[in-house]
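Peer 1: First the structure, then my questions, so here it is.
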Amino acid sequence: MGLLKGKNILVTGVLTDASIAFHIARLAQEEGATVILTSFGRVLRLTERIAGRLPQPAPVIELDVTNEDDLAALEQRVREHVPNLHGVVHSIGFAPEAALGGNFLNTSWPDVATALQVSAFSLKSLTMATRPLFENGASVVGLDFDASVAWPKYDWMGVAKAALESTSRYLARDLGPENIRVNLVAAGPIKTMAAKSIPGFEEFEHVWNERSALTWDVSDPVPAAQATIVLLSDWLPKTTGEILHVDGGVHAMGG
């Protein structure tokens, strides 16, 4: 059908072929988009290798969302491959080990600041860096984990996700007049590289299916990727500031 036919999409956060971001890039290509990936530092070559598993070749450009020089250079780096962008996927999150695992009351501000900058403020940074590439509007989609409750061991990453959710609403408000939509996909737990860094992640596996209305598979990132594709497409042209839950219905169930 080609939901993204003729569109240019920037996808961050592709590290392995188990990541949601990888499947977003794959499905975007299958739906007709030209995809550009970003990576940086030691994982850049890893992203380049994983890009080879996509249906079509995809360039990988350098971007550290905490580096002002990278952000300033992003527009030109993208234009080396495509003249503009129609969509951006924010799949970025990180918290130091001291900010996770049940250490909430003892985490120091520098560790909290890192979690907030990388996981929440970066949505604003990335959106503003790509804004000059948007023509006649665009769709920005971030990957989220429901921050309406306190999760075991998630600690300051949970706070960062709450900040991400709030940031997306303010961006939606301020960029709406430019026809730029900003939405989030709140996925249930998926076995990704990021998940492996969360102490006690395996606890989610047992709890999730007990609470979900639909059967949940922690090894299947495709449903969240599919939701992202729809948000990147023209099929939801008046949806912004929204959090689309792809979690088997857990967010709507009682205890």
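Going through the structure tokens in order, the chains are called A, B, and so on, while each chain numbers its residues from 1 and the ligands are numbered from 1 in the order shown.
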DSSP on the backbone: what in range 8-195 of chain A comes out strand (DSSP E), as a VMD selection string?
Peer 2: chain A and resid 8 to 11 34 to 39 60 to 62 85 to 90 134 to 144 180 to 187
Peer 1: Give me, as an NGL selection string, the residues of range 8-204 of chain A that a backbone DSSP run labels helix (DSSP H, G or I).
Peer 2: :A and (20-30 or 41-51 or 68-79 or 97-99 or 104-106 or 109-133 or 155-178 or 193-196 or 202-204)
Peer 1: Could you give me, as JSON lines, a per-residue list for range 32-142 of chain A showing, wherever an atom lies at most 12 Å from an atom of range 222-238 of chain A, the closest pair of atoms and their distance in Å to one decimal, using only C-alpha atoms and sorting by chain then residue number from low to high?
Peer 2:
{"residue": "A:Gly32", "atom": "CA", "partner": "A:Ser233", "partner_atom": "CA", "distance": 10.7}
{"residue": "A:Ala33", "atom": "CA", "partner": "A:Ser233", "partner_atom": "CA", "distance": 10.0}
{"residue": "A:Leu85", "atom": "CA", "partner": "A:Leu232", "partner_atom": "CA", "distance": 11.2}
{"residue": "A:His86", "atom": "CA", "partner": "A:Leu232", "partner_atom": "CA", "distance": 8.0}
{"residue": "A:Gly87", "atom": "CA", "partner": "A:Leu232", "partner_atom": "CA", "distance": 6.0}
{"residue": "A:Val88", "atom": "CA", "partner": "A:Leu232", "partner_atom": "CA", "distance": 8.0}
{"residue": "A:Val89", "atom": "CA", "partner": "A:Thr228", "partner_atom": "CA", "distance": 8.2}
{"residue": "A:His90", "atom": "CA", "partner": "A:Thr228", "partner_atom": "CA", "distance": 10.5}
{"residue": "A:Ser91", "atom": "CA", "partner": "A:Thr228", "partner_atom": "CA", "distance": 10.9}
{"residue": "A:Gly137", "atom": "CA", "partner": "A:Pro237", "partner_atom": "CA", "distance": 10.0}
{"residue": "A:Ala138", "atom": "CA", "partner": "A:Leu232", "partner_atom": "CA", "distance": 8.1}
{"residue": "A:Ser139", "atom": "CA", "partner": "A:Leu232", "partner_atom": "CA", "distance": 5.4}
{"residue": "A:Val140", "atom": "CA", "partner": "A:Leu232", "partner_atom": "CA", "distance": 7.3}
{"residue": "A:Val141", "atom": "CA", "partner": "A:Thr228", "partner_atom": "CA", "distance": 6.7}
{"residue": "A:Gly142", "atom": "CA", "partner": "A:Thr228", "partner_atom": "CA", "distance": 8.4}
Peer 1: Would you put the residues from that selection into a file with C-alpha atoms, as a tab-separated table (two decimals), in the first residue's frame?
Peer 2:
chain	number	residue	atom	x	y	z
A	32	GLY	CA	7.99	3.29	0.54
A	33	ALA	CA	10.13	5.64	2.65
A	85	LEU	CA	12.50	15.25	6.05
A	86	HIS	CA	8.88	14.25	6.52
A	87	GLY	CA	9.35	12.36	9.77
A	88	VAL	CA	11.70	11.81	12.69
A	89	VAL	CA	11.81	8.90	15.14
A	90	HIS	CA	13.21	9.57	18.61
A	91	SER	CA	14.32	6.24	20.05
A	137	GLY	CA	4.82	19.97	8.21
A	138	ALA	CA	6.23	16.73	9.57
A	139	SER	CA	5.64	13.97	12.10
A	140	VAL	CA	7.91	13.48	15.11
A	141	VAL	CA	7.39	10.22	16.99
A	142	GLY	CA	9.13	9.25	20.23
Peer 1: Which residues, written as a list of chain:residue names, have at least one atom at most 7 Å from range 250-255 of chain A, with only C-alpha atoms counted and residues fewer than 4 positions away on the same chain left out?
Peer 2: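 Answer for this query is A:Arg211, A:Ser212, A:Ala213.
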